[in-house]
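**Student:** My structure file input.txt, compact mmCIF, C-alpha atoms, is below:
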```
# COMPACT_ATOMS: atom_id res chain seq x y z
CA LEU F 1 133.29 -205.82 25.89
CA TRP F 2 130.67 -208.55 25.39
CA ILE F 3 129.39 -206.96 22.21
CA VAL F 4 132.91 -206.53 20.86
CA ARG F 5 133.65 -210.22 21.48
CA ILE F 6 130.39 -211.37 19.89
CA ASN F 7 130.94 -209.07 16.93
CA ALA F 8 134.46 -210.43 16.38
CA ALA F 9 133.21 -214.02 16.54
CA CYS F 10 130.39 -213.21 14.12
CA ARG F 11 132.73 -211.51 11.65
CA MET F 12 134.99 -214.56 11.70
CA ARG F 13 131.97 -216.57 10.58
CA GLY F 14 130.86 -214.13 7.89
CA VAL F 15 127.83 -212.63 9.59
CA ARG F 16 127.18 -209.15 10.95
CA TYR F 17 126.49 -208.68 14.66
CA SER F 18 123.10 -207.09 14.04
CA GLU F 19 122.03 -209.87 11.67
CA PHE F 20 123.15 -212.48 14.19
CA MET F 21 121.25 -210.89 17.06
CA HIS F 22 118.15 -210.38 14.92
CA GLY F 23 118.30 -214.00 13.78
CA LEU F 24 118.54 -215.24 17.35
CA GLN F 25 115.53 -213.12 18.25
CA LEU F 26 113.55 -214.53 15.31
CA ALA F 27 114.55 -218.07 16.32
CA MET F 28 113.48 -217.29 19.90
CA VAL F 29 116.93 -218.06 21.32
CA ALA F 30 117.00 -216.30 24.66
CA LEU F 31 120.67 -215.89 25.57
CA ASP F 32 122.05 -212.67 26.95
CA ARG F 33 125.15 -211.00 25.58
CA LYS F 34 127.32 -212.15 28.47
CA SER F 35 126.42 -215.78 27.77
CA LEU F 36 126.94 -215.37 24.03
CA SER F 37 130.33 -213.80 24.67
CA GLU F 38 131.40 -216.70 26.90
CA ILE F 39 130.17 -219.25 24.34
CA ALA F 40 132.06 -217.44 21.57
CA ILE F 41 135.30 -217.60 23.58
CA HIS F 42 135.09 -221.03 25.18
CA ASP F 43 132.82 -223.15 22.95
CA ALA F 44 133.33 -222.37 19.27
CA PRO F 45 131.27 -225.34 17.95
CA THR F 46 128.23 -224.17 19.90
CA PHE F 47 128.72 -220.62 18.65
CA ASP F 48 128.91 -222.00 15.10
CA THR F 49 125.55 -223.70 15.67
CA LEU F 50 124.05 -220.47 16.99
CA VAL F 51 125.27 -218.62 13.90
CA GLU F 52 123.64 -221.24 11.66
CA ILE F 53 120.38 -220.99 13.63
CA ALA F 54 120.43 -217.21 13.27
CA LYS F 55 121.19 -217.35 9.54
CA ALA F 56 118.38 -219.86 8.98
CA ALA F 57 115.89 -217.74 10.92
CA VAL F 58 116.79 -214.61 8.93
CA ALA F 59 116.50 -216.50 5.64
CA GLU F 60 113.14 -217.98 6.64
CA ASN F 61 111.89 -214.56 7.68
CA ALA F 62 112.96 -213.05 4.36
CA LYS F 63 111.20 -215.84 2.49
CA ALA F 64 108.01 -215.29 4.49
CA LEU F 65 108.12 -211.55 3.85
CA ALA F 66 108.65 -212.11 0.12
CA ALA F 67 105.68 -214.51 0.03
CA ALA F 68 103.52 -212.02 1.91
CA GLU F 69 104.29 -209.30 -0.66
CA LYS F 70 102.89 -211.37 -3.50
```
With the file now loaded, output its structure as structure tokens.

**Tutor:**
Amino acid sequence: LWIVRINAACRMRGVRYSEFMHGLQLAMVALDRKSLSEIAIHDAPTFDTLVEIAKAAVAENAKALAAAEK
């Protein structure tokens, strides 16, 4: 149920669940799925911030990988 809730909240914000979770891992945000689910339901502005953090971490990682390939 937690994953379903997180996935729904992510989709509403235009990001895939897997990308969101990967971005949080890259940004070293250590929240479990239960906590993320509760934040998604009860604190939308904080979840929005987490989505932005995850997106930024994924973008930064992609940029670093592209630079490393050159």

**Student:** Can you list, as a ChimeraX atom specification, every protein, DNA or RNA residue that comes within 12 Å of F:Glu52 when you count all atoms listed in the file, leaving out same-chain residues fewer than 4 positions away?

**Tutor:** /F:10,13-15,19-21,23-24,27,45-48,56-59

**Student:** So, counting all atoms listed in the file, which residue among F:Arg5, F:Lys55, F:His22, F:Arg16 is closest to F:Lys34?

**Tutor:**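 Closest residue, counting all atoms listed in the file: F:Arg5.
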
**Student:** Considering only C-alpha atoms, can you say which of F:Thr49, F:Ser18, F:Ser37, F:Gln25 comes closest to F:Ile6?

**Tutor:**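 The shortest atom-to-atom distance to F:Ile6 comes from F:Ser37.
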
**Student:** Give the answer as one residue: which of F:Tyr17, F:Met12, F:Leu1, F:Val29 has the shortest atom-to-atom distance to F:Ile53, using all atoms listed in the file?

**Tutor:**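 Closest candidate: F:Val29.
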
**Student:** Between atom CA of F:Glu38 and atom CA of F:Ala54, what is the distance, to one decimal in Å?

**Tutor:**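 The value is 17.5 Å.
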
**Student:** Identify which of the residues F:Ala44, F:Ile3, F:Ala62, F:Arg11 lies closest to F:Leu26, counting all atoms listed in the file when measuring atom-to-atom distances.

**Tutor:** F:Ala62

**Student:** Please indicate the distance in Å from atom CA of F:Ala66 to atom CA of F:Asn7, rounded to one decimal place.

**Tutor:**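 Atom-to-atom, atom CA of F:Ala66 to atom CA of F:Asn7, that is 28.1 Å.
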
**Student:** Just the number, please: distance in Å from atom CA of F:Lys63 to atom CA of F:Ala30, one decimal.

**Tutor:**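 Result for atom CA of F:Lys63 versus atom CA of F:Ala30: 22.9 Å, one decimal.
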
**Student:** Of the candidates F:Ala67, F:Glu60, F:Leu50, F:Ala40, which shows the shortest atom-to-atom distance to F:Ala8, using only C-alpha atoms?

**Tutor:**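 Going through F:Ala67, F:Glu60, F:Leu50, F:Ala40 one by one, the smallest distance to F:Ala8 is for F:Ala40.
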